[in-house]
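Coordinates from data_27.tsv are shown below (TSV, C-alpha atoms).
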```tsv
chain	number	residue	atom	x	y	z
X	12	MET	CA	20.73	-31.26	17.80
X	13	LEU	CA	23.48	-29.74	15.65
X	14	SER	CA	23.06	-26.15	14.46
X	15	GLN	CA	22.80	-27.33	10.85
X	16	GLU	CA	20.02	-29.74	11.77
X	17	ARG	CA	18.20	-27.04	13.73
X	18	PHE	CA	18.49	-24.73	10.72
X	19	ALA	CA	16.92	-27.40	8.51
X	20	GLU	CA	14.17	-27.98	11.08
X	21	ALA	CA	13.32	-24.26	11.17
X	22	VAL	CA	13.16	-24.13	7.37
X	23	ARG	CA	10.87	-27.18	7.34
X	24	LEU	CA	8.54	-25.60	9.90
X	25	GLU	CA	8.39	-22.37	7.90
X	26	GLU	CA	7.50	-24.28	4.75
X	27	ALA	CA	4.80	-26.15	6.68
X	28	GLY	CA	3.29	-22.85	7.81
X	29	GLN	CA	4.32	-23.29	11.45
X	30	LYS	CA	6.04	-19.94	11.65
X	31	GLU	CA	5.74	-19.40	15.40
X	32	ARG	CA	7.62	-22.65	16.07
X	33	ALA	CA	10.15	-21.81	13.36
X	34	LEU	CA	10.73	-18.42	14.97
X	35	GLU	CA	11.57	-20.04	18.30
X	36	ILE	CA	14.30	-22.06	16.61
X	37	TRP	CA	15.64	-19.08	14.64
X	38	ARG	CA	15.94	-17.16	17.91
X	39	GLU	CA	17.88	-20.05	19.49
X	40	ILE	CA	20.19	-20.25	16.47
X	41	ALA	CA	20.82	-16.49	16.53
X	42	GLU	CA	21.80	-16.66	20.21
X	43	THR	CA	24.38	-19.38	19.69
X	44	ASN	CA	25.43	-18.49	16.14
X	45	PRO	CA	24.56	-14.83	15.40
X	46	THR	CA	24.97	-14.79	11.62
X	47	ARG	CA	23.48	-12.48	9.02
X	48	ASN	CA	21.28	-15.27	7.65
X	49	ALA	CA	19.85	-16.13	11.06
X	50	PHE	CA	18.76	-12.53	11.62
X	51	LEU	CA	17.39	-12.26	8.09
X	52	ARG	CA	15.28	-15.35	8.79
X	53	ILE	CA	14.07	-13.92	12.09
X	54	GLY	CA	13.17	-10.64	10.38
X	55	ASP	CA	11.29	-12.36	7.58
X	56	VAL	CA	9.22	-14.56	9.90
X	57	CYS	CA	8.51	-11.71	12.32
X	58	LYS	CA	7.33	-9.55	9.40
X	59	ASP	CA	4.90	-12.29	8.34
X	60	LEU	CA	3.65	-12.65	11.92
X	61	GLY	CA	3.14	-8.92	12.34
X	62	LEU	CA	5.97	-8.56	14.87
X	63	ILE	CA	7.22	-5.44	13.13
X	64	ASP	CA	9.50	-4.05	15.85
X	65	GLU	CA	11.32	-7.36	16.21
X	66	ALA	CA	11.53	-7.70	12.43
X	67	GLU	CA	13.12	-4.27	12.14
X	68	ALA	CA	15.60	-5.01	14.93
X	69	ALA	CA	16.56	-8.29	13.25
X	70	PHE	CA	17.13	-6.69	9.85
X	71	LYS	CA	19.23	-3.95	11.46
X	72	ARG	CA	21.28	-6.62	13.26
X	73	ALA	CA	21.83	-8.41	9.94
X	74	LEU	CA	22.98	-5.11	8.46
X	75	GLU	CA	25.45	-4.58	11.30
X	76	ILE	CA	26.95	-7.99	10.53
X	77	ASP	CA	26.97	-7.37	6.76
X	78	PRO	CA	26.63	-3.70	5.77
X	79	ARG	CA	26.33	-4.79	2.11
X	80	SER	CA	23.26	-6.98	2.63
X	81	THR	CA	20.87	-5.67	-0.02
X	82	LEU	CA	18.16	-7.98	1.32
X	83	ALA	CA	18.34	-6.39	4.77
X	84	LEU	CA	18.31	-2.91	3.22
X	85	LYS	CA	15.31	-3.69	1.01
X	86	CYS	CA	13.40	-5.26	3.89
X	87	LEU	CA	14.04	-2.19	6.03
X	88	GLY	CA	12.89	-0.10	3.09
X	89	ILE	CA	9.61	-2.02	2.95
X	90	LEU	CA	9.01	-1.69	6.69
X	91	THR	CA	9.63	2.06	6.66
X	92	ILE	CA	7.42	2.55	3.58
X	93	ASN	CA	4.62	0.70	5.37
X	94	ARG	CA	5.07	2.97	8.41
X	95	GLY	CA	5.01	6.09	6.26
X	96	GLU	CA	8.64	6.92	7.06
X	97	TYR	CA	9.50	7.69	3.46
X	98	GLU	CA	12.72	9.63	4.01
X	99	ALA	CA	14.21	6.69	5.91
X	100	ALA	CA	12.97	4.31	3.20
X	101	VAL	CA	14.66	6.36	0.48
X	102	GLY	CA	17.89	6.19	2.47
X	103	TYR	CA	17.82	2.40	2.86
X	104	LEU	CA	16.84	1.77	-0.76
X	105	LYS	CA	19.43	4.13	-2.21
X	106	ARG	CA	22.08	2.28	-0.22
X	107	ALA	CA	20.80	-1.00	-1.67
X	108	ARG	CA	20.98	0.47	-5.17
X	109	GLU	CA	24.59	1.56	-4.68
X	110	ILE	CA	25.49	-2.05	-3.87
X	111	GLU	CA	23.36	-3.77	-6.52
X	112	GLU	CA	20.72	-2.59	-8.98
X	113	ASP	CA	17.75	-4.86	-9.53
X	114	ALA	CA	14.18	-4.29	-10.65
X	115	SER	CA	12.55	-5.05	-7.31
X	116	GLY	CA	14.79	-2.69	-5.33
X	117	LEU	CA	14.40	0.08	-7.89
X	118	SER	CA	10.61	-0.28	-7.83
X	119	LEU	CA	10.63	0.05	-4.05
X	120	LEU	CA	12.90	3.09	-4.31
X	121	GLY	CA	10.47	4.63	-6.78
X	122	VAL	CA	7.55	4.08	-4.39
X	123	ALA	CA	9.47	5.67	-1.51
X	124	CYS	CA	10.54	8.65	-3.66
X	125	ARG	CA	6.98	9.27	-4.91
X	126	ASN	CA	5.58	9.25	-1.39
X	127	PHE	CA	8.40	11.53	-0.24
X	128	GLY	CA	7.45	14.06	-2.92
X	129	ARG	CA	10.27	13.29	-5.35
X	130	ALA	CA	8.30	12.43	-8.49
X	131	VAL	CA	11.22	12.94	-10.89
X	132	GLU	CA	13.43	10.52	-8.93
X	133	ALA	CA	10.53	8.07	-8.70
X	134	GLU	CA	10.07	8.12	-12.47
X	135	GLU	CA	13.79	7.57	-13.05
X	136	ALA	CA	13.88	4.60	-10.66
X	137	HIS	CA	10.86	2.91	-12.24
X	138	ARG	CA	12.16	3.46	-15.77
X	139	ARG	CA	15.51	1.98	-14.76
X	140	ALA	CA	13.67	-1.03	-13.29
X	141	ILE	CA	11.83	-1.52	-16.60
X	142	TYR	CA	15.13	-1.26	-18.49
X	143	LEU	CA	16.70	-3.94	-16.31
X	144	ASP	CA	13.66	-6.22	-16.45
X	145	PRO	CA	11.07	-5.37	-19.15
X	146	LYS	CA	8.73	-8.00	-17.68
X	147	TRP	CA	8.68	-6.56	-14.16
X	148	ASP	CA	4.97	-5.76	-13.89
X	149	GLU	CA	5.29	-3.79	-10.64
X	150	ALA	CA	7.55	-1.20	-12.29
X	151	TYR	CA	4.91	-0.45	-14.96
X	152	PHE	CA	2.22	-0.29	-12.29
X	153	ASN	CA	4.18	1.98	-9.96
X	154	LEU	CA	5.20	4.30	-12.80
X	155	GLY	CA	1.52	4.49	-13.74
X	156	VAL	CA	0.72	5.61	-10.20
X	157	VAL	CA	3.33	8.39	-10.54
X	158	PHE	CA	1.55	9.61	-13.71
X	159	ARG	CA	-2.04	8.87	-12.62
X	160	ASP	CA	-3.15	12.39	-11.73
X	161	GLU	CA	-1.12	14.58	-14.09
X	162	ARG	CA	-0.58	12.29	-17.10
X	163	PRO	CA	-3.57	9.89	-17.11
X	164	ALA	CA	-3.18	8.71	-20.72
X	165	GLU	CA	0.37	7.52	-20.01
X	166	ALA	CA	-0.79	5.99	-16.74
X	167	GLU	CA	-3.54	4.08	-18.56
X	168	ALA	CA	-1.02	2.60	-21.01
X	169	LEU	CA	1.29	1.54	-18.17
X	170	PHE	CA	-1.51	-0.11	-16.19
X	171	ARG	CA	-2.57	-2.00	-19.32
X	172	THR	CA	1.01	-3.21	-19.82
X	173	ALA	CA	1.14	-4.39	-16.19
X	174	LEU	CA	-2.08	-6.35	-16.78
X	175	GLU	CA	-0.73	-7.89	-20.00
X	176	LEU	CA	2.18	-9.22	-17.94
X	177	HIS	CA	0.01	-10.18	-14.94
X	178	PRO	CA	-3.73	-10.44	-15.79
X	179	ASP	CA	-4.73	-10.99	-12.14
X	180	PHE	CA	-2.86	-7.95	-10.80
X	181	ALA	CA	-5.66	-6.60	-8.60
X	182	SER	CA	-4.08	-3.21	-7.90
X	183	ALA	CA	-3.51	-2.61	-11.62
X	184	HIS	CA	-7.19	-3.36	-12.32
X	185	ARG	CA	-8.10	-0.92	-9.55
X	186	GLU	CA	-5.92	1.93	-10.79
X	187	LEU	CA	-6.82	1.37	-14.45
X	188	GLY	CA	-10.49	1.39	-13.46
X	189	PHE	CA	-10.00	4.67	-11.61
X	190	VAL	CA	-8.27	6.34	-14.57
X	191	LEU	CA	-10.83	5.07	-17.08
X	192	ALA	CA	-13.84	6.09	-14.98
X	193	LYS	CA	-12.37	9.54	-14.37
X	194	SER	CA	-11.73	10.05	-18.10
X	195	GLY	CA	-15.33	9.19	-19.02
X	196	GLN	CA	-14.82	5.53	-19.98
X	197	ARG	CA	-17.26	4.56	-17.29
X	198	GLU	CA	-18.33	1.09	-18.38
X	199	GLU	CA	-14.82	-0.28	-18.85
X	200	GLY	CA	-13.69	1.56	-15.73
X	201	GLU	CA	-16.38	-0.07	-13.60
X	202	SER	CA	-15.52	-3.46	-15.08
X	203	HIS	CA	-11.90	-3.13	-13.93
X	204	LEU	CA	-12.91	-1.86	-10.49
X	205	ARG	CA	-15.22	-4.84	-10.00
X	206	LYS	CA	-12.47	-7.18	-11.20
X	207	ALA	CA	-10.11	-5.65	-8.63
X	208	ILE	CA	-12.64	-6.36	-5.88
X	209	GLU	CA	-13.22	-9.88	-7.15
X	210	LEU	CA	-9.47	-10.53	-6.95
X	211	GLU	CA	-8.92	-8.64	-3.67
X	212	PRO	CA	-12.21	-8.21	-1.75
X	213	ASN	CA	-10.43	-6.64	1.24
X	214	ASP	CA	-8.88	-3.74	-0.67
X	215	PRO	CA	-10.48	-0.59	0.81
X	216	TRP	CA	-9.20	1.68	-1.97
X	217	ALA	CA	-11.01	-0.39	-4.61
X	218	ARG	CA	-14.21	0.09	-2.59
X	219	ILE	CA	-13.64	3.85	-2.38
X	220	TYR	CA	-13.03	4.09	-6.12
X	221	LEU	CA	-16.09	2.02	-6.96
X	222	GLY	CA	-18.25	3.97	-4.51
X	223	SER	CA	-17.14	7.26	-6.05
X	224	HIS	CA	-17.88	5.89	-9.51
X	225	LEU	CA	-21.36	4.66	-8.53
X	226	TRP	CA	-22.32	7.86	-6.73
X	227	THR	CA	-23.75	9.59	-9.82
X	228	GLY	CA	-26.02	6.68	-10.75
X	229	ASP	CA	-26.74	4.56	-7.68
X	230	ILE	CA	-26.30	6.35	-4.36
X	231	ASP	CA	-27.34	3.35	-2.25
X	232	ALA	CA	-24.71	1.17	-3.95
X	233	ALA	CA	-22.10	3.89	-3.41
X	234	VAL	CA	-23.01	4.07	0.30
X	235	ALA	CA	-22.61	0.30	0.56
X	236	GLU	CA	-19.10	0.45	-0.92
X	237	PHE	CA	-18.01	3.28	1.40
X	238	ARG	CA	-19.39	1.42	4.41
X	239	THR	CA	-17.52	-1.71	3.38
X	240	ALA	CA	-14.32	0.34	3.09
X	241	ALA	CA	-14.92	1.69	6.61
X	242	GLU	CA	-15.38	-1.85	7.94
X	243	LEU	CA	-12.21	-3.02	6.21
X	244	LYS	CA	-10.15	-0.13	7.61
X	245	PRO	CA	-11.89	1.20	10.73
X	246	LYS	CA	-9.23	3.80	11.57
X	247	TRP	CA	-9.28	5.40	8.11
X	248	ALA	CA	-10.93	8.79	7.68
X	249	ILE	CA	-11.59	8.65	3.92
X	250	PRO	CA	-14.61	6.27	3.95
X	251	LEU	CA	-16.21	8.33	6.71
X	252	TRP	CA	-15.93	11.70	5.00
X	253	SER	CA	-17.00	10.03	1.74
X	254	LEU	CA	-20.20	8.95	3.52
X	255	GLY	CA	-20.50	12.44	4.95
X	256	ARG	CA	-20.32	13.96	1.48
X	257	ILE	CA	-23.02	11.63	0.18
X	258	TYR	CA	-25.41	12.41	3.01
X	259	ALA	CA	-24.64	16.13	2.73
X	260	SER	CA	-25.40	16.17	-1.00
X	261	GLU	CA	-28.81	17.65	-1.71
X	262	SER	CA	-29.26	17.81	2.10
X	263	ARG	CA	-30.24	14.14	2.26
X	264	ASP	CA	-29.40	13.82	5.98
X	265	LEU	CA	-27.33	16.67	7.35
X	266	GLY	CA	-27.27	15.28	10.89
X	267	LEU	CA	-25.82	11.98	9.71
X	268	ALA	CA	-23.42	13.81	7.39
X	269	GLN	CA	-22.17	15.91	10.32
X	270	SER	CA	-21.65	12.76	12.39
X	271	TYR	CA	-19.54	11.13	9.67
X	272	PHE	CA	-17.38	14.24	9.20
X	273	GLU	CA	-16.85	14.50	12.96
X	274	GLN	CA	-15.88	10.82	13.19
X	275	ALA	CA	-13.39	11.33	10.34
X	276	LEU	CA	-11.81	14.28	12.16
X	277	ILE	CA	-11.49	12.26	15.36
X	278	LEU	CA	-9.44	9.73	13.38
X	279	ASP	CA	-7.44	12.36	11.50
X	280	PRO	CA	-7.72	15.91	12.88
X	281	GLU	CA	-5.60	17.22	9.97
X	282	ASP	CA	-7.86	15.82	7.21
X	283	GLU	CA	-8.79	18.81	5.04
X	284	GLU	CA	-11.65	17.07	3.20
X	285	ALA	CA	-13.33	16.15	6.48
X	286	ARG	CA	-12.86	19.67	7.85
X	287	LYS	CA	-14.23	21.32	4.70
X	288	GLY	CA	-17.19	18.92	4.65
X	289	LEU	CA	-18.03	19.60	8.27
X	290	ASP	CA	-17.79	23.35	7.66
X	291	ARG	CA	-20.25	23.14	4.76
X	292	VAL	CA	-22.71	21.03	6.73
X	293	LEU	CA	-22.62	23.35	9.75
X	294	LYS	CA	-23.35	26.31	7.50
X	295	LYS	CA	-26.27	24.49	5.88
X	296	ARG	CA	-27.62	23.74	9.35
X	297	GLY	CA	-27.44	27.42	10.30
X	298	ASN	CA	-24.40	27.00	12.52
X	299	ALA	CA	-22.14	29.45	10.73
X	300	ASP	CA	-19.91	30.17	13.74
```

Would you write out, as structure tokens, the structure that this file holds?
Amino acid sequence: MLSQERFAEAVRLEEAGQKERALEIWREIAETNPTRNAFLRIGDVCKDLGLIDEAEAAFKRALEIDPRSTLALKCLGILTINRGEYEAAVGYLKRAREIEEDASGLSLLGVACRNFGRAVEAEEAHRRAIYLDPKWDEAYFNLGVVFRDERPAEAEALFRTALELHPDFASAHRELGFVLAKSGQREEGESHLRKAIELEPNDPWARIYLGSHLWTGDIDAAVAEFRTAAELKPKWAIPLWSLGRIYASESRDLGLAQSYFEQALILDPEDEEARKGLDRVLKKRGNAD
């Protein structure tokens, strides 16, 4: 079969959801005709299939062929953000910006900068994204996340704008709910948190936020949310030390609280909240040393 026909066959398989078969063809095409587009296709399919190392290698190969491929740079930026390699992500996404500015790339750059501790650069990138595309909901959302802790009123307005543009934006409901609940607007805050979970039941952060919100009024419901978060993300320390804090409060079950804090520290030995919680529980149990 001619390369052009094989290309069309791979596209058809992708569109039909048969990505493993499509990947086999993309690999064949890349061997005989190693073009930028072939490697971009391989990277995209591998990313969807969870083959992250192969995806990264393919995007890097595409970049070697075409150093001005903004798509390859942005895809590498996404992969490094997801791995927590924020300095590398900033590097890729700044290179993409130098070649071509667009709202999606700027939003990604803003996310990388915020996580790398560069809040001022993050704000500038998100504001530039909004300037280029005033209807880009992710830019409003991500700028709201930058402001969430220090400038909650501005964050609230940005999350509301994101929801005006995209009413089913689950993460925006989650973050708006968090800000509202924290500022005392508990009823509306809970409503947005529950909407976030309705839209995205597998979001562990929405469960953590809702559990924290429910803690003061319904401890059993809060425990249920934290346990669900732990089931959704078993290698995450936050749900475990959240459960530890609940069971430590008012000395409800110090043995169980200690167990949760210890489990959290096994997952993340550097987690300060888990360490502080365990310290408090040990002192309450007369184990001051």

Enter the distance from atom CA of His137 of chain X to atom CA of Thr172 of chain X, in Å, rounded to one decimal.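 One can read the atom CA of His137 of chain X to atom CA of Thr172 of chain X distance as 13.9 Å.
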
For Ala192 of chain X, work out the shell of residues within 12 Å, counting only C-alpha atoms and skipping chain neighbours fewer than 3 positions away, then give it as a VMD selection string. chain X and resid 163 167 184 to 189 195 to 204 220 to 227

Contacts of Tyr142 of chain X at 12 Å (all atoms listed in the file; same-chain gap of 2+ positions) as number ranges by chain: X: 112-114, 117-118, 135-140, 144-147, 150-151

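Summary of the local environment: counting all atoms listed in the file, residues at most 12 Å from Ala19 of chain X, other than itself and those fewer than 4 positions away along its chain, are X:Met12, X:Leu13, X:Ser14, X:Gln15, X:Arg23, X:Leu24, X:Glu25, X:Glu26, X:Ala33, X:Ile36, X:Trp37, X:Ile40, X:Ala49.
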
Measure the distance from atom CA of Arg159 of chain X to atom CA of Arg106 of chain X in Å and round it to one decimal.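 Separation between atom CA of Arg159 of chain X and atom CA of Arg106 of chain X: 27.9 Å.
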
Please, what distance in Å, to one decimal, runs between atom CA of Arg47 of chain X and atom CA of Arg94 of chain X? 24.0 Å

Report as a PyMOL selection string all protein, DNA and RNA residues lying within 9 Å of Ile277 of chain X, evaluated on only C-alpha atoms, omitting residues in the same chain fewer than 4 positions from it. chain X and resi 248+272-273

Can you list, as a VMD selection string, every protein, DNA or RNA residue that comes within 10 Å of Ile92 of chain X when you count all atoms listed in the file, leaving out same-chain residues fewer than 3 positions away? chain X and resid 86 to 89 95 to 101 119 to 120 122 to 124 126 to 127

Determine the nearest neighbour of Tyr271 of chain X from the options X:Arg286, X:Arg79, X:Lys295, X:Arg17, counting all atoms listed in the file. X:Arg286

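Minimum distance to Phe50 of chain X across X:Gly255, X:Ala69, X:Asp64, X:Arg32 (counting all atoms listed in the file) occurs at X:Ala69.
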
So, counting only C-alpha atoms, which residue among X:Ser115, X:Ser260, X:Thr46, X:Gln29 is closest to Thr81 of chain X? X:Ser115

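Nearest to Lys71 of chain X of all the residues X:Phe170, X:Phe152, X:Tyr103, X:Phe18 is X:Tyr103, counting only C-alpha atoms.
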
For Asp77 of chain X, the nearest of the candidates X:Leu267, X:Glu161, X:Asn48, X:Ala166, counting all atoms listed in the file: X:Asn48

Rebuild segment 12-42 of chain X to N, CA and C atoms - output it as a PDB file, in the coordinates of the input, please.
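Saved to rebuild-v8.pdb:
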```pdb
ATOM      1  N   MET X  12      20.761 -31.232  19.263  1.00  0.00           N
ATOM      2  CA  MET X  12      20.730 -31.260  17.800  1.00  0.00           C
ATOM      3  C   MET X  12      21.740 -30.250  17.257  1.00  0.00           C
ATOM      4  N   LEU X  13      22.488 -30.613  16.230  1.00  0.00           N
ATOM      5  CA  LEU X  13      23.480 -29.740  15.650  1.00  0.00           C
ATOM      6  C   LEU X  13      22.821 -28.512  15.044  1.00  0.00           C
ATOM      7  N   SER X  14      23.589 -27.405  14.988  1.00  0.00           N
ATOM      8  CA  SER X  14      23.060 -26.150  14.460  1.00  0.00           C
ATOM      9  C   SER X  14      22.523 -26.329  13.034  1.00  0.00           C
ATOM     10  N   GLN X  15      23.230 -27.107  12.220  1.00  0.00           N
ATOM     11  CA  GLN X  15      22.800 -27.330  10.850  1.00  0.00           C
ATOM     12  C   GLN X  15      21.460 -28.057  10.809  1.00  0.00           C
ATOM     13  N   GLU X  16      21.288 -29.003  11.715  1.00  0.00           N
ATOM     14  CA  GLU X  16      20.020 -29.740  11.770  1.00  0.00           C
ATOM     15  C   GLU X  16      18.894 -28.838  12.273  1.00  0.00           C
ATOM     16  N   ARG X  17      19.208 -27.979  13.238  1.00  0.00           N
ATOM     17  CA  ARG X  17      18.200 -27.040  13.730  1.00  0.00           C
ATOM     18  C   ARG X  17      17.803 -26.049  12.633  1.00  0.00           C
ATOM     19  N   PHE X  18      18.762 -25.629  11.846  1.00  0.00           N
ATOM     20  CA  PHE X  18      18.490 -24.730  10.720  1.00  0.00           C
ATOM     21  C   PHE X  18      17.513 -25.406   9.754  1.00  0.00           C
ATOM     22  N   ALA X  19      17.794 -26.672   9.424  1.00  0.00           N
ATOM     23  CA  ALA X  19      16.920 -27.400   8.510  1.00  0.00           C
ATOM     24  C   ALA X  19      15.526 -27.585   9.100  1.00  0.00           C
ATOM     25  N   GLU X  20      15.462 -27.818  10.412  1.00  0.00           N
ATOM     26  CA  GLU X  20      14.170 -27.980  11.080  1.00  0.00           C
ATOM     27  C   GLU X  20      13.361 -26.682  11.022  1.00  0.00           C
ATOM     28  N   ALA X  21      14.018 -25.551  11.231  1.00  0.00           N
ATOM     29  CA  ALA X  21      13.320 -24.260  11.170  1.00  0.00           C
ATOM     30  C   ALA X  21      12.798 -23.989   9.769  1.00  0.00           C
ATOM     31  N   VAL X  22      13.602 -24.309   8.763  1.00  0.00           N
ATOM     32  CA  VAL X  22      13.160 -24.130   7.370  1.00  0.00           C
ATOM     33  C   VAL X  22      11.942 -25.013   7.097  1.00  0.00           C
ATOM     34  N   ARG X  23      11.983 -26.264   7.563  1.00  0.00           N
ATOM     35  CA  ARG X  23      10.870 -27.180   7.340  1.00  0.00           C
ATOM     36  C   ARG X  23       9.587 -26.655   7.992  1.00  0.00           C
ATOM     37  N   LEU X  24       9.716 -26.129   9.211  1.00  0.00           N
ATOM     38  CA  LEU X  24       8.540 -25.600   9.900  1.00  0.00           C
ATOM     39  C   LEU X  24       7.971 -24.377   9.173  1.00  0.00           C
ATOM     40  N   GLU X  25       8.856 -23.529   8.673  1.00  0.00           N
ATOM     41  CA  GLU X  25       8.390 -22.370   7.900  1.00  0.00           C
ATOM     42  C   GLU X  25       7.600 -22.831   6.684  1.00  0.00           C
ATOM     43  N   GLU X  26       8.157 -23.792   5.962  1.00  0.00           N
ATOM     44  CA  GLU X  26       7.500 -24.280   4.750  1.00  0.00           C
ATOM     45  C   GLU X  26       6.172 -24.950   5.053  1.00  0.00           C
ATOM     46  N   ALA X  27       6.049 -25.494   6.271  1.00  0.00           N
ATOM     47  CA  ALA X  27       4.800 -26.150   6.680  1.00  0.00           C
ATOM     48  C   ALA X  27       3.797 -25.149   7.258  1.00  0.00           C
ATOM     49  N   GLY X  28       4.186 -23.871   7.290  1.00  0.00           N
ATOM     50  CA  GLY X  28       3.290 -22.850   7.810  1.00  0.00           C
ATOM     51  C   GLY X  28       3.314 -22.692   9.312  1.00  0.00           C
ATOM     52  N   GLN X  29       4.227 -23.377   9.986  1.00  0.00           N
ATOM     53  CA  GLN X  29       4.320 -23.290  11.450  1.00  0.00           C
ATOM     54  C   GLN X  29       5.378 -22.242  11.832  1.00  0.00           C
ATOM     55  N   LYS X  30       5.045 -21.004  11.549  1.00  0.00           N
ATOM     56  CA  LYS X  30       6.040 -19.940  11.650  1.00  0.00           C
ATOM     57  C   LYS X  30       6.388 -19.588  13.091  1.00  0.00           C
ATOM     58  N   GLU X  31       5.428 -19.698  13.999  1.00  0.00           N
ATOM     59  CA  GLU X  31       5.740 -19.400  15.400  1.00  0.00           C
ATOM     60  C   GLU X  31       6.803 -20.358  15.934  1.00  0.00           C
ATOM     61  N   ARG X  32       6.634 -21.663  15.621  1.00  0.00           N
ATOM     62  CA  ARG X  32       7.620 -22.650  16.070  1.00  0.00           C
ATOM     63  C   ARG X  32       8.964 -22.431  15.382  1.00  0.00           C
ATOM     64  N   ALA X  33       8.903 -22.087  14.091  1.00  0.00           N
ATOM     65  CA  ALA X  33      10.150 -21.810  13.360  1.00  0.00           C
ATOM     66  C   ALA X  33      10.877 -20.634  13.989  1.00  0.00           C
ATOM     67  N   LEU X  34      10.117 -19.612  14.379  1.00  0.00           N
ATOM     68  CA  LEU X  34      10.730 -18.420  14.970  1.00  0.00           C
ATOM     69  C   LEU X  34      11.472 -18.760  16.259  1.00  0.00           C
ATOM     70  N   GLU X  35      10.902 -19.641  17.064  1.00  0.00           N
ATOM     71  CA  GLU X  35      11.570 -20.040  18.300  1.00  0.00           C
ATOM     72  C   GLU X  35      12.954 -20.628  18.010  1.00  0.00           C
ATOM     73  N   ILE X  36      13.021 -21.444  16.961  1.00  0.00           N
ATOM     74  CA  ILE X  36      14.300 -22.060  16.610  1.00  0.00           C
ATOM     75  C   ILE X  36      15.265 -21.023  16.053  1.00  0.00           C
ATOM     76  N   TRP X  37      14.757 -20.117  15.188  1.00  0.00           N
ATOM     77  CA  TRP X  37      15.640 -19.080  14.640  1.00  0.00           C
ATOM     78  C   TRP X  37      16.238 -18.231  15.760  1.00  0.00           C
ATOM     79  N   ARG X  38      15.422 -17.941  16.784  1.00  0.00           N
ATOM     80  CA  ARG X  38      15.940 -17.160  17.910  1.00  0.00           C
ATOM     81  C   ARG X  38      17.052 -17.910  18.642  1.00  0.00           C
ATOM     82  N   GLU X  39      16.854 -19.227  18.833  1.00  0.00           N
ATOM     83  CA  GLU X  39      17.880 -20.050  19.490  1.00  0.00           C
ATOM     84  C   GLU X  39      19.173 -20.038  18.670  1.00  0.00           C
ATOM     85  N   ILE X  40      19.022 -20.217  17.355  1.00  0.00           N
ATOM     86  CA  ILE X  40      20.190 -20.250  16.470  1.00  0.00           C
ATOM     87  C   ILE X  40      20.942 -18.925  16.526  1.00  0.00           C
ATOM     88  N   ALA X  41      20.187 -17.808  16.513  1.00  0.00           N
ATOM     89  CA  ALA X  41      20.820 -16.490  16.530  1.00  0.00           C
ATOM     90  C   ALA X  41      21.579 -16.236  17.825  1.00  0.00           C
ATOM     91  N   GLU X  42      21.103 -16.832  18.928  1.00  0.00           N
ATOM     92  CA  GLU X  42      21.800 -16.660  20.210  1.00  0.00           C
ATOM     93  C   GLU X  42      23.143 -17.370  20.203  1.00  0.00           C
TER      94      GLU X  42
END
```
